[in-house]
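What's in data.cif: mmCIF, C-alpha atoms
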```cif
data_target
loop_
_atom_site.group_PDB
_atom_site.id
_atom_site.type_symbol
_atom_site.label_atom_id
_atom_site.label_comp_id
_atom_site.auth_asym_id
_atom_site.auth_seq_id
_atom_site.Cartn_x
_atom_site.Cartn_y
_atom_site.Cartn_z
ATOM 1 C CA MET G 1 8.395 -32.255 -20.829
ATOM 2 C CA ALA G 2 9.879 -29.172 -19.149
ATOM 3 C CA PRO G 3 10.907 -29.753 -15.547
ATOM 4 C CA LEU G 4 8.773 -28.098 -12.905
ATOM 5 C CA PHE G 5 10.453 -25.640 -10.533
ATOM 6 C CA GLU G 6 13.320 -24.910 -12.916
ATOM 7 C CA TYR G 7 14.516 -21.342 -13.005
ATOM 8 C CA ASP G 8 13.564 -19.718 -16.298
ATOM 9 C CA LYS G 9 15.399 -16.483 -17.023
ATOM 10 C CA ASN G 10 13.038 -15.220 -19.737
ATOM 11 C CA ARG G 11 9.975 -15.832 -17.660
ATOM 12 C CA GLU G 12 11.648 -14.219 -14.664
ATOM 13 C CA ALA G 13 12.486 -11.153 -16.755
ATOM 14 C CA ALA G 14 8.915 -10.980 -18.085
ATOM 15 C CA ASN G 15 7.504 -11.150 -14.556
ATOM 16 C CA ALA G 16 9.915 -8.475 -13.379
ATOM 17 C CA ALA G 17 8.956 -6.198 -16.285
ATOM 18 C CA LYS G 18 5.252 -6.720 -15.609
ATOM 19 C CA VAL G 19 5.593 -5.853 -11.929
ATOM 20 C CA ARG G 20 7.697 -2.781 -12.690
ATOM 21 C CA ALA G 21 5.091 -1.595 -15.211
ATOM 22 C CA LEU G 22 2.273 -2.224 -12.745
ATOM 23 C CA GLU G 23 4.056 -0.284 -10.024
ATOM 24 C CA ALA G 24 4.726 2.633 -12.396
ATOM 25 C CA LEU G 25 1.099 2.653 -13.543
ATOM 26 C CA LEU G 26 -0.283 2.643 -10.005
ATOM 27 C CA ILE G 27 2.073 5.431 -8.958
ATOM 28 C CA LYS G 28 1.029 7.430 -12.048
ATOM 29 C CA LYS G 29 -2.628 6.949 -11.122
ATOM 30 C CA GLY G 30 -1.901 8.201 -7.630
ATOM 31 C CA VAL G 31 -3.102 4.915 -6.104
ATOM 32 C CA LEU G 32 0.312 3.890 -4.782
ATOM 33 C CA GLY G 33 2.909 6.117 -3.146
ATOM 34 C CA SER G 34 6.480 5.761 -4.371
ATOM 35 C CA ASP G 35 7.545 4.602 -0.898
ATOM 36 C CA SER G 36 4.461 2.499 -0.029
ATOM 37 C CA VAL G 37 6.113 -0.844 -0.764
ATOM 38 C CA ASP G 38 9.149 -0.100 1.384
ATOM 39 C CA ALA G 39 6.909 1.196 4.151
ATOM 40 C CA VAL G 40 4.926 -2.057 4.535
ATOM 41 C CA LEU G 41 7.959 -4.308 4.083
ATOM 42 C CA ASN G 42 9.870 -2.314 6.615
ATOM 43 C CA HIS G 43 7.620 -3.934 9.201
ATOM 44 C CA PHE G 44 8.877 -7.432 8.345
ATOM 45 C CA GLU G 45 12.444 -6.405 7.627
ATOM 46 C CA THR G 46 13.274 -4.112 10.511
ATOM 47 C CA ILE G 47 10.457 -3.875 13.082
ATOM 48 C CA ALA G 48 9.008 -7.305 13.877
ATOM 49 C CA GLY G 49 11.167 -10.337 13.289
ATOM 50 C CA PRO G 50 13.610 -12.909 14.624
ATOM 51 C CA PHE G 51 16.347 -10.279 14.815
ATOM 52 C CA ASN G 52 14.543 -8.887 17.883
ATOM 53 C CA GLY G 53 14.390 -12.265 19.602
ATOM 54 C CA ALA G 54 18.067 -12.859 18.850
ATOM 55 C CA ARG G 55 19.008 -9.568 20.503
ATOM 56 C CA ILE G 56 16.922 -10.424 23.578
ATOM 57 C CA VAL G 57 18.575 -13.840 23.888
ATOM 58 C CA ALA G 58 22.085 -12.432 23.438
ATOM 59 C CA ARG G 59 21.440 -9.825 26.140
ATOM 60 C CA ALA G 60 20.197 -12.568 28.470
ATOM 61 C CA TRP G 61 23.365 -14.589 27.815
ATOM 62 C CA VAL G 62 25.753 -11.775 28.642
ATOM 63 C CA ASN G 63 23.738 -10.281 31.484
ATOM 64 C CA PRO G 64 22.363 -12.718 34.102
ATOM 65 C CA ALA G 65 20.406 -9.941 35.845
ATOM 66 C CA TYR G 66 18.680 -9.116 32.559
ATOM 67 C CA LYS G 67 17.928 -12.792 32.035
ATOM 68 C CA GLN G 68 16.251 -12.945 35.424
ATOM 69 C CA ARG G 69 14.185 -9.839 34.665
ATOM 70 C CA LEU G 70 13.235 -11.398 31.321
ATOM 71 C CA LEU G 71 11.986 -14.538 33.036
ATOM 72 C CA ASP G 72 10.185 -12.584 35.757
ATOM 73 C CA ASP G 73 8.447 -9.992 33.578
ATOM 74 C CA THR G 74 9.072 -10.617 29.892
ATOM 75 C CA PRO G 75 7.233 -7.628 28.353
ATOM 76 C CA LYS G 76 8.918 -5.216 30.739
ATOM 77 C CA ALA G 77 12.374 -6.647 30.047
ATOM 78 C CA ILE G 78 11.761 -6.525 26.276
ATOM 79 C CA ALA G 79 10.687 -2.896 26.611
ATOM 80 C CA GLU G 80 14.084 -2.144 28.160
ATOM 81 C CA LEU G 81 15.728 -2.833 24.804
ATOM 82 C CA GLN G 82 13.613 -0.149 23.118
ATOM 83 C CA PHE G 83 13.115 -1.814 19.773
ATOM 84 C CA PRO G 84 12.271 0.729 17.083
ATOM 85 C CA GLY G 85 8.606 0.631 16.132
ATOM 86 C CA MET G 86 7.578 -1.729 18.909
ATOM 87 C CA THR G 87 5.133 0.326 20.868
ATOM 88 C CA GLY G 88 4.575 -2.217 23.576
ATOM 89 C CA ALA G 89 1.236 -3.671 22.545
ATOM 90 C CA GLU G 90 2.874 -6.154 20.184
ATOM 91 C CA GLY G 91 4.993 -7.543 22.962
ATOM 92 C CA GLU G 92 2.309 -7.980 25.577
ATOM 93 C CA HIS G 93 1.402 -11.525 26.664
ATOM 94 C CA MET G 94 4.914 -12.735 25.844
ATOM 95 C CA LYS G 95 6.672 -15.089 28.206
ATOM 96 C CA ALA G 96 10.238 -16.345 28.013
ATOM 97 C CA VAL G 97 11.359 -19.738 29.321
ATOM 98 C CA ALA G 98 15.010 -20.728 29.643
ATOM 99 C CA ASN G 99 16.698 -23.955 28.632
ATOM 100 C CA SER G 100 19.199 -25.265 31.133
ATOM 101 C CA GLU G 101 21.219 -28.350 32.018
ATOM 102 C CA VAL G 102 18.107 -29.987 33.443
ATOM 103 C CA VAL G 103 15.259 -28.766 31.246
ATOM 104 C CA HIS G 104 14.597 -28.211 27.568
ATOM 105 C CA ASN G 105 11.602 -26.159 26.445
ATOM 106 C CA LEU G 106 9.541 -26.733 23.317
ATOM 107 C CA ILE G 107 6.950 -24.255 22.050
ATOM 108 C CA ILE G 108 3.967 -25.389 20.043
ATOM 109 C CA CYS G 109 1.013 -23.398 18.777
ATOM 110 C CA THR G 110 -2.404 -24.327 17.477
ATOM 111 C CA LEU G 111 -3.212 -20.972 15.953
ATOM 112 C CA CYS G 112 -0.479 -19.087 14.209
ATOM 113 C CA SER G 113 -2.137 -15.884 15.340
ATOM 114 C CA CYS G 114 -0.690 -16.692 18.744
ATOM 115 C CA TYR G 115 2.850 -16.837 17.468
ATOM 116 C CA PRO G 116 5.183 -14.265 19.041
ATOM 117 C CA TRP G 117 5.811 -12.377 15.813
ATOM 118 C CA PRO G 118 7.751 -9.447 17.146
ATOM 119 C CA VAL G 119 10.533 -11.718 18.385
ATOM 120 C CA LEU G 120 10.335 -14.781 16.125
ATOM 121 C CA GLY G 121 9.078 -13.437 12.795
ATOM 122 C CA LEU G 122 6.960 -15.604 10.478
ATOM 123 C CA PRO G 123 6.357 -19.189 11.590
ATOM 124 C CA PRO G 124 7.641 -22.024 9.380
ATOM 125 C CA TYR G 125 5.319 -24.197 7.257
ATOM 126 C CA TRP G 126 5.220 -27.171 9.589
ATOM 127 C CA TYR G 127 4.412 -25.150 12.675
ATOM 128 C CA LYS G 128 0.651 -25.288 12.196
ATOM 129 C CA ASP G 129 0.681 -28.983 11.330
ATOM 130 C CA PRO G 130 -1.656 -30.821 13.743
ATOM 131 C CA VAL G 131 0.667 -33.818 13.668
ATOM 132 C CA PHE G 132 3.600 -31.757 14.907
ATOM 133 C CA ARG G 133 1.447 -30.274 17.619
ATOM 134 C CA SER G 134 -0.050 -33.514 18.890
ATOM 135 C CA ARG G 135 3.218 -35.451 18.718
ATOM 136 C CA GLY G 136 5.034 -32.549 20.355
ATOM 137 C CA VAL G 137 2.785 -32.966 23.377
ATOM 138 C CA ARG G 138 2.753 -36.780 23.392
ATOM 139 C CA GLU G 139 6.371 -37.623 22.600
ATOM 140 C CA PRO G 140 8.504 -34.479 22.679
ATOM 141 C CA HIS G 141 11.787 -36.398 22.965
ATOM 142 C CA ALA G 142 11.040 -38.316 19.754
ATOM 143 C CA VAL G 143 9.952 -35.188 17.888
ATOM 144 C CA LEU G 144 13.077 -33.318 18.975
ATOM 145 C CA ARG G 145 15.273 -36.229 17.904
ATOM 146 C CA GLU G 146 13.720 -35.961 14.430
ATOM 147 C CA PHE G 147 14.640 -32.269 14.408
ATOM 148 C CA GLY G 148 18.229 -33.271 15.131
ATOM 149 C CA VAL G 149 18.029 -32.299 18.806
ATOM 150 C CA PRO G 150 18.784 -35.382 20.877
ATOM 151 C CA ILE G 151 17.698 -34.649 24.426
ATOM 152 C CA PRO G 152 18.779 -37.309 26.951
ATOM 153 C CA ALA G 153 15.834 -39.305 28.288
ATOM 154 C CA GLU G 154 16.545 -38.143 31.838
ATOM 155 C CA LYS G 155 16.358 -34.463 30.845
ATOM 156 C CA GLU G 156 12.899 -32.989 31.223
ATOM 157 C CA VAL G 157 11.201 -31.498 28.144
ATOM 158 C CA LYS G 158 8.567 -28.912 28.972
ATOM 159 C CA VAL G 159 6.028 -28.252 26.240
ATOM 160 C CA TRP G 160 4.335 -24.864 26.122
ATOM 161 C CA ASP G 161 1.262 -24.216 24.006
ATOM 162 C CA SER G 162 1.111 -20.617 22.862
ATOM 163 C CA SER G 163 -2.319 -19.073 23.068
ATOM 164 C CA ALA G 164 -3.932 -15.675 22.880
ATOM 165 C CA GLN G 165 -3.163 -15.328 26.597
ATOM 166 C CA ILE G 166 0.536 -16.203 26.499
ATOM 167 C CA ARG G 167 2.956 -16.367 23.602
ATOM 168 C CA TRP G 168 6.019 -18.302 24.626
ATOM 169 C CA PHE G 169 9.575 -18.216 23.386
ATOM 170 C CA VAL G 170 12.717 -20.038 24.488
ATOM 171 C CA ILE G 171 16.006 -18.631 25.709
ATOM 172 C CA PRO G 172 18.303 -21.358 24.379
ATOM 173 C CA GLU G 173 21.472 -22.355 26.180
ATOM 174 C CA ARG G 174 24.523 -20.286 25.310
ATOM 175 C CA PRO G 175 26.788 -22.447 23.156
ATOM 176 C CA ALA G 176 30.184 -23.592 24.356
ATOM 177 C CA ASN G 177 33.266 -21.692 23.202
ATOM 178 C CA SER G 178 31.377 -18.440 22.739
ATOM 179 C CA GLU G 179 33.097 -16.472 25.507
ATOM 180 C CA HIS G 180 35.084 -14.399 22.992
ATOM 181 C CA LEU G 181 31.981 -13.146 21.176
ATOM 182 C CA ASP G 182 30.326 -9.801 21.850
ATOM 183 C CA GLU G 183 26.578 -9.368 22.157
ATOM 184 C CA ALA G 184 25.983 -8.643 18.455
ATOM 185 C CA GLN G 185 28.061 -11.662 17.424
ATOM 186 C CA LEU G 186 26.118 -13.831 19.846
ATOM 187 C CA ALA G 187 22.812 -12.548 18.471
ATOM 188 C CA ALA G 188 23.901 -13.626 14.987
ATOM 189 C CA LEU G 189 24.037 -17.243 16.202
ATOM 190 C CA VAL G 190 20.414 -17.336 17.414
ATOM 191 C CA THR G 191 17.823 -18.768 15.013
ATOM 192 C CA PRO G 192 14.002 -18.707 15.244
ATOM 193 C CA GLU G 193 14.092 -22.508 15.523
ATOM 194 C CA ALA G 194 16.323 -22.260 18.596
ATOM 195 C CA MET G 195 13.820 -19.842 20.142
ATOM 196 C CA MET G 196 11.018 -22.368 19.487
ATOM 197 C CA GLY G 197 13.062 -25.109 21.094
ATOM 198 C CA VAL G 198 13.387 -27.248 17.959
ATOM 199 C CA ALA G 199 17.075 -26.472 17.521
ATOM 200 C CA LEU G 200 20.123 -25.786 19.643
ATOM 201 C CA VAL G 201 22.480 -22.889 19.081
ATOM 202 C CA PRO G 202 25.659 -24.374 17.620
ATOM 203 C CA SER G 203 29.060 -23.436 18.939
ATOM 204 C CA PRO G 204 30.861 -20.838 16.845
ATOM 205 C CA PRO G 205 34.046 -21.797 15.004
ATOM 206 C CA ALA G 206 37.080 -21.540 17.270
ATOM 207 C CA ALA G 207 38.528 -18.022 17.438
ATOM 208 C CA MET Z 1 -5.205 -8.904 18.689
ATOM 209 C CA PHE Z 2 -2.952 -7.565 15.943
ATOM 210 C CA THR Z 3 -1.921 -3.984 16.259
ATOM 211 C CA ARG Z 4 -0.463 -3.897 12.769
ATOM 212 C CA PHE Z 5 -2.166 -4.593 9.441
ATOM 213 C CA GLU Z 6 1.023 -6.211 8.120
ATOM 214 C CA GLU Z 7 0.914 -8.940 10.768
ATOM 215 C CA TYR Z 8 -2.796 -9.525 10.329
ATOM 216 C CA ALA Z 9 -2.422 -9.843 6.561
ATOM 217 C CA ALA Z 10 0.484 -12.285 6.619
ATOM 218 C CA THR Z 11 -1.053 -14.352 9.424
ATOM 219 C CA GLN Z 12 -4.288 -14.849 7.492
ATOM 220 C CA MET Z 13 -2.247 -16.686 4.842
ATOM 221 C CA LEU Z 14 -0.269 -18.972 7.115
ATOM 222 C CA GLY Z 15 -1.267 -22.601 6.988
ATOM 223 C CA TYR Z 16 -3.254 -22.022 3.788
ATOM 224 C CA PRO Z 17 -2.356 -22.636 0.139
ATOM 225 C CA ASP Z 18 -1.503 -18.976 -0.391
ATOM 226 C CA SER Z 19 1.092 -18.742 2.395
ATOM 227 C CA PRO Z 20 4.184 -16.931 1.134
ATOM 228 C CA PRO Z 21 7.697 -18.417 0.883
ATOM 229 C CA ARG Z 22 9.743 -17.729 3.969
ATOM 230 C CA LYS Z 23 13.060 -18.650 5.505
ATOM 231 C CA GLU Z 24 14.206 -18.436 9.113
ATOM 232 C CA GLY Z 25 11.317 -16.255 10.176
ATOM 233 C CA ARG Z 26 11.598 -13.847 7.287
ATOM 234 C CA LEU Z 27 9.788 -13.430 3.998
ATOM 235 C CA PHE Z 28 11.906 -14.964 1.272
ATOM 236 C CA PHE Z 29 12.326 -13.230 -2.082
ATOM 237 C CA ASN Z 30 14.622 -14.420 -4.858
ATOM 238 C CA GLU Z 31 14.231 -11.254 -6.864
ATOM 239 C CA GLU Z 32 13.392 -7.624 -6.251
ATOM 240 C CA TRP Z 33 10.161 -7.806 -8.314
ATOM 241 C CA GLN Z 34 8.840 -10.447 -5.894
ATOM 242 C CA ARG Z 35 9.378 -8.126 -2.970
ATOM 243 C CA THR Z 36 7.762 -5.285 -4.898
ATOM 244 C CA VAL Z 37 4.615 -7.192 -5.838
ATOM 245 C CA PHE Z 38 4.205 -8.589 -2.324
ATOM 246 C CA GLY Z 39 4.491 -5.112 -0.870
ATOM 247 C CA MET Z 40 2.157 -3.561 -3.452
ATOM 248 C CA ALA Z 41 -0.764 -5.843 -2.619
ATOM 249 C CA LEU Z 42 -0.224 -5.298 1.078
ATOM 250 C CA ALA Z 43 0.071 -1.520 0.741
ATOM 251 C CA LEU Z 44 -3.023 -1.233 -1.464
ATOM 252 C CA ALA Z 45 -5.133 -3.338 0.903
ATOM 253 C CA LYS Z 46 -3.819 -1.385 3.860
ATOM 254 C CA GLN Z 47 -4.925 1.823 2.166
ATOM 255 C CA GLY Z 48 -8.386 0.314 1.681
ATOM 256 C CA HIS Z 49 -8.423 -0.098 -2.098
ATOM 257 C CA PHE Z 50 -9.646 -3.657 -1.626
ATOM 258 C CA GLU Z 51 -10.180 -6.137 1.187
ATOM 259 C CA TRP Z 52 -7.206 -8.359 1.955
ATOM 260 C CA GLU Z 53 -9.503 -11.392 2.033
ATOM 261 C CA ASP Z 54 -10.755 -10.598 -1.477
ATOM 262 C CA PHE Z 55 -7.166 -10.449 -2.701
ATOM 263 C CA ARG Z 56 -6.451 -13.775 -1.000
ATOM 264 C CA GLN Z 57 -9.403 -15.416 -2.731
ATOM 265 C CA ASN Z 58 -7.973 -14.285 -6.070
ATOM 266 C CA LEU Z 59 -4.585 -15.664 -5.065
ATOM 267 C CA ILE Z 60 -6.039 -18.994 -3.993
ATOM 268 C CA CYS Z 61 -7.920 -19.217 -7.323
ATOM 269 C CA SER Z 62 -4.759 -18.315 -9.212
ATOM 270 C CA ILE Z 63 -2.849 -21.078 -7.385
ATOM 271 C CA ALA Z 64 -5.677 -23.554 -8.008
ATOM 272 C CA ALA Z 65 -5.557 -22.689 -11.715
ATOM 273 C CA TRP Z 66 -1.838 -23.535 -11.765
ATOM 274 C CA GLU Z 67 -2.571 -26.858 -10.100
ATOM 275 C CA GLN Z 68 -5.045 -27.603 -12.897
ATOM 276 C CA GLU Z 69 -2.596 -26.518 -15.599
ATOM 277 C CA ALA Z 70 0.516 -28.070 -14.108
ATOM 278 C CA GLY Z 71 -0.629 -31.528 -15.145
ATOM 279 C CA ASP Z 72 0.757 -30.827 -18.611
ATOM 280 C CA GLY Z 73 4.222 -30.321 -17.114
ATOM 281 C CA ASN Z 74 4.766 -27.087 -19.047
ATOM 282 C CA THR Z 75 3.831 -24.538 -16.417
ATOM 283 C CA ARG Z 76 6.476 -24.242 -13.735
ATOM 284 C CA TRP Z 77 5.528 -23.235 -10.226
ATOM 285 C CA ASP Z 78 6.211 -19.629 -9.334
ATOM 286 C CA TYR Z 79 4.408 -18.290 -6.263
ATOM 287 C CA TYR Z 80 5.002 -14.641 -7.056
ATOM 288 C CA GLU Z 81 3.889 -15.087 -10.661
ATOM 289 C CA ARG Z 82 0.551 -16.343 -9.291
ATOM 290 C CA TYR Z 83 0.577 -13.480 -6.820
ATOM 291 C CA THR Z 84 1.057 -10.955 -9.640
ATOM 292 C CA MET Z 85 -1.865 -12.458 -11.577
ATOM 293 C CA ALA Z 86 -4.056 -12.242 -8.485
ATOM 294 C CA LEU Z 87 -3.124 -8.614 -7.880
ATOM 295 C CA ILE Z 88 -3.927 -7.640 -11.469
ATOM 296 C CA ALA Z 89 -7.237 -9.524 -11.206
ATOM 297 C CA ILE Z 90 -8.381 -7.723 -8.071
ATOM 298 C CA LEU Z 91 -7.268 -4.337 -9.422
ATOM 299 C CA GLU Z 92 -9.495 -4.984 -12.441
ATOM 300 C CA GLN Z 93 -12.353 -6.155 -10.225
ATOM 301 C CA CYS Z 94 -12.287 -2.993 -8.168
ATOM 302 C CA GLY Z 95 -11.906 -0.764 -11.222
ATOM 303 C CA ILE Z 96 -8.423 0.587 -10.530
ATOM 304 C CA LEU Z 97 -7.138 -1.070 -13.700
ATOM 305 C CA LYS Z 98 -9.084 -1.368 -16.932
ATOM 306 C CA PRO Z 99 -8.699 -4.721 -18.688
ATOM 307 C CA GLY Z 100 -5.727 -4.487 -21.029
ATOM 308 C CA GLU Z 101 -4.451 -1.275 -19.474
ATOM 309 C CA LEU Z 102 -1.294 -2.881 -18.094
ATOM 310 C CA GLU Z 103 -0.446 -4.390 -21.483
ATOM 311 C CA GLN Z 104 -0.806 -0.923 -22.999
ATOM 312 C CA GLN Z 105 1.519 0.473 -20.361
ATOM 313 C CA MET Z 106 4.073 -2.194 -21.239
ATOM 314 C CA THR Z 107 3.849 -1.653 -25.008
ATOM 315 C CA PRO Z 108 2.906 2.019 -25.455
ATOM 316 C CA ASP Z 109 4.126 2.137 -29.062
ATOM 317 C CA ARG Z 110 1.845 -0.634 -30.185
ATOM 318 C CA ALA Z 111 -1.101 0.869 -28.339
ATOM 319 C CA ASN Z 112 -0.655 4.217 -30.074
ATOM 320 C CA ARG Z 113 -0.474 2.814 -33.553
#
```

Using structure tokens, write down the structure that the file contains.
Amino acid sequence: MAPLFEYDKNREAANAAKVRALEALLIKKGVLGSDSVDAVLNHFETIAGPFNGARIVARAWVNPAYKQRLLDDTPKAIAELQFPGMTGAEGEHMKAVANSEVVHNLIICTLCSCYPWPVLGLPPYWYKDPVFRSRGVREPHAVLREFGVPIPAEKEVKVWDSSAQIRWFVIPERPANSEHLDEAQLAALVTPEAMMGVALVPSPPAA
Amino acid sequence: MFTRFEEYAATQMLGYPDSPPRKEGRLFFNEEWQRTVFGMALALAKQGHFEWEDFRQNLICSIAAWEQEAGDGNTRWDYYERYTMALIAILEQCGILKPGELEQQMTPDRANR
């Protein structure tokens, strides 16, 4: 019996050839433009994605005044960064909350349509799981421990449920030993999970 | 609430059997052809050649067919292979492709004999 999920070079090559032929045929028919594929994927690869959120977080870490503006009026502060292709409408209803020494924030979401795409990208598989959502509300400390984020019992965990009205995201705590990093290097440390509150941003290797 | 077709289209799939592979908030492609076929279906639906939901139904059927076949252990799982089959199916349903036309494109010599 052949193992499932094993990488098969011949089959991979056959699939690649089929897709190339299909693309060529559709372009020949005038149905597909030669740049149509890049145009739609550009949205996921450069316009709306976790790279935006990471830049916002890094700016908040290096600039306390920006962080305050971000907490006070999130869409306006995001607009300051002038992300290419983000016209403003995508970012409306967004609200940032900041982790600190005394509070940790966790974002959950019943409907993935309420996920803050422009800053977090595509949600992970488990995010829509009703078990995650209900346990996140009921026992956030236990859920976070399972994610490898041990939050001391005395530290408050605030749980935010994203909705059509407000789409939340977390400004994680800046990791220790990151003083030598510039804003772009800091942004590279920030993951979507950290901006959902299910991960911490690890300290960079010592300089 | 979506201002962009791309977000609408991907969101419709999330939490359903046809949701695409992804990693750290981004679509995940092992190979260039996977990226190409994903983008083709999206671009064609965006241009109005077919409804995104109709494509998704083909994809869900194509995945269900694999689940039926996989019992024999000989058909390995490949999301974008199923995706390609679904795209070809809907292109035939809406008359953009004639049945067998793609095979002819791939083997022009044989077709001309």

May I ask which of the residues Z:Ala45, Z:Cys94, Z:Met106, Z:Cys61 is the closest one to chain G, counting only C-alpha atoms?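 Going through Z:Ala45, Z:Cys94, Z:Met106, Z:Cys61 one by one, the smallest distance to chain G is for Z:Met106.
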
I'd like the residues picked by the PyMOL selection byres ((chain Z and resi 37-39) around 7) written out as a VMD selection string, using the chain letters and numbers from the file. (chain G and resid 19 37 40 to 41) or (chain Z and resid 33 to 36 40 to 43 84)

Can I get the selection written as a short mmCIF file (atom, residue, chain, number, x, y, z; two decimals), in the frame of the given file, with C-alpha atoms?
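Dumped everything to out_24.cif:
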```cif
data_model
loop_
_atom_site.label_atom_id
_atom_site.label_comp_id
_atom_site.auth_asym_id
_atom_site.auth_seq_id
_atom_site.Cartn_x
_atom_site.Cartn_y
_atom_site.Cartn_z
CA VAL G 19 5.59 -5.85 -11.93
CA VAL G 37 6.11 -0.84 -0.76
CA VAL G 40 4.93 -2.06 4.54
CA LEU G 41 7.96 -4.31 4.08
CA TRP Z 33 10.16 -7.81 -8.31
CA GLN Z 34 8.84 -10.45 -5.89
CA ARG Z 35 9.38 -8.13 -2.97
CA THR Z 36 7.76 -5.28 -4.90
CA MET Z 40 2.16 -3.56 -3.45
CA ALA Z 41 -0.76 -5.84 -2.62
CA LEU Z 42 -0.22 -5.30 1.08
CA ALA Z 43 0.07 -1.52 0.74
CA THR Z 84 1.06 -10.96 -9.64
#
```

Would you mind listing what lies within 12 Å of Gly33 in chain G as a PyMOL selection string, with all atoms listed in the file counted and same-chain residues fewer than 5 positions away left out? (chain G and resi 23-28+38-40) or (chain Z and resi 39-40+43-44+47)

Could you list, as an MDAnalysis selection string, every residue matched by the PyMOL selection byres ((chain Z and resi 26) around 12) in this structure? (chainID G and resid 41:51 117:124 191:192) or (chainID Z and resid 10 20:25 27:29 35)

I'd like the contact shell of Asp161 in chain G - 7 Å cut-off, all atoms listed in the file, skipping same-chain residues fewer than 2 positions apart - returned as a short mmCIF file (atom, residue, chain, number, x, y, z; two decimals) with C-alpha atoms, keeping the file's coordinate frame.
```
data_model
loop_
_atom_site.label_atom_id
_atom_site.label_comp_id
_atom_site.auth_asym_id
_atom_site.auth_seq_id
_atom_site.Cartn_x
_atom_site.Cartn_y
_atom_site.Cartn_z
CA ILE G 107 6.95 -24.26 22.05
CA ILE G 108 3.97 -25.39 20.04
CA CYS G 109 1.01 -23.40 18.78
CA VAL G 159 6.03 -28.25 26.24
CA SER G 163 -2.32 -19.07 23.07
#
```

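In this model, the gap between CA of Glu183 in chain G and CA of Asn63 in chain G comes to 9.8 Å.
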
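When all atoms listed in the file are used to compute distances to chain G, the closest of the residues Z:Glu103, Z:Ile90, Z:Arg76, Z:Asn58 turns out to be Z:Arg76.
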
Near range 201-206 of chain G, within 9 Å and counting all atoms listed in the file, which residues show up once chain neighbours fewer than 5 positions away are dropped, as a list in words?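 Those residues are Pro172, Glu173, Arg174, Pro175, Ala176, Asn177, Ser178, Leu181, Leu186, Leu189, Val190, Thr191 and Ala194 of chain G.
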
Could you check how far CA of Pro75 in chain G sits from CA of Val149 in chain G, in Å to one decimal?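 Result for CA of Pro75 in chain G versus CA of Val149 in chain G: 28.6 Å, one decimal.
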
Taking all atoms of range 97-107 of chain Z that the file lists, what box with edges along x, y and z, padded by 8 Å per side, do you get, with centre and edge lengths in Å to one decimal, as JSON?
```
{"center_x": -2.5, "center_y": -2.1, "center_z": -19.4, "size_x": 29.2, "size_y": 21.2, "size_z": 27.3}
```

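Rounded to one decimal, CA of Val157 in chain G and CA of Pro130 in chain G lie 19.3 Å from each other.
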
Point out the residue among Z:Lys46, Z:Thr11, Z:Pro17, Z:Asn30 with the least atom-to-atom distance to Leu59 in chain Z, counting all atoms listed in the file.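 Residue with the minimum atom-to-atom distance to Leu59 in chain Z: Z:Pro17.
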
Contact residues around Leu97 in chain Z with only C-alpha atoms at 10 Å, ignoring same-chain residues under 5 positions, as number ranges by chain: G: 22, 25-26, 29; Z: 88-92, 102

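When the PyMOL selection byres ((chain G and resi 166) around 8) is evaluated on the file shown here, the picked residues come out as His93, Met94, Lys95, Cys114, Ser162, Ser163, Ala164, Gln165, Arg167 and Trp168 of chain G.
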
Just checking: using all atoms listed in the file, which residue out of G:Asn52, G:Ser100, G:Asn15, G:Asn10 ends up closest to chain Z?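 Using all atoms listed in the file, chain Z sits closest to G:Asn15.
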
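Considering all atoms listed in the file, the residue among Z:Glu51, Z:Pro99, Z:Ala9, Z:Gly15 positioned nearest to chain G is Z:Gly15.
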
Here's a test: counting only C-alpha atoms, identify every protein, DNA and RNA residue with an atom at most 9 Å from (14.7, -5.5, -11.2) in the file's coordinate frame, and state them as a PyMOL selection string. (chain G and resi 13+16-17+20) or (chain Z and resi 31-33)

Can I get the selected residues back with C-alpha atoms, as a PDB file, keeping the file's coordinate frame?
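Listed below is the output, result-v6.pdb:
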```
ATOM      1  CA  ALA G  13      12.486 -11.153 -16.755  1.00  0.00           C
ATOM      2  CA  ALA G  16       9.915  -8.475 -13.379  1.00  0.00           C
ATOM      3  CA  ALA G  17       8.956  -6.198 -16.285  1.00  0.00           C
ATOM      4  CA  ARG G  20       7.697  -2.781 -12.690  1.00  0.00           C
TER       5      ARG G  20
ATOM      6  CA  GLU Z  31      14.231 -11.254  -6.864  1.00  0.00           C
ATOM      7  CA  GLU Z  32      13.392  -7.624  -6.251  1.00  0.00           C
ATOM      8  CA  TRP Z  33      10.161  -7.806  -8.314  1.00  0.00           C
TER       9      TRP Z  33
END
```

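Each of G:Arg145, G:Gly136, G:Val97, G:Met195 was checked against chain Z using all atoms listed in the file; the smallest atom-to-atom distance is that of G:Met195.
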
Write out as a ChimeraX atom specification each polymer residue whose atoms come within 8 Å of Tyr83 in chain Z, counting only C-alpha atoms; drop sequence neighbours fewer than 2 positions from it. /Z:37-38,59,62,79-81,85-87
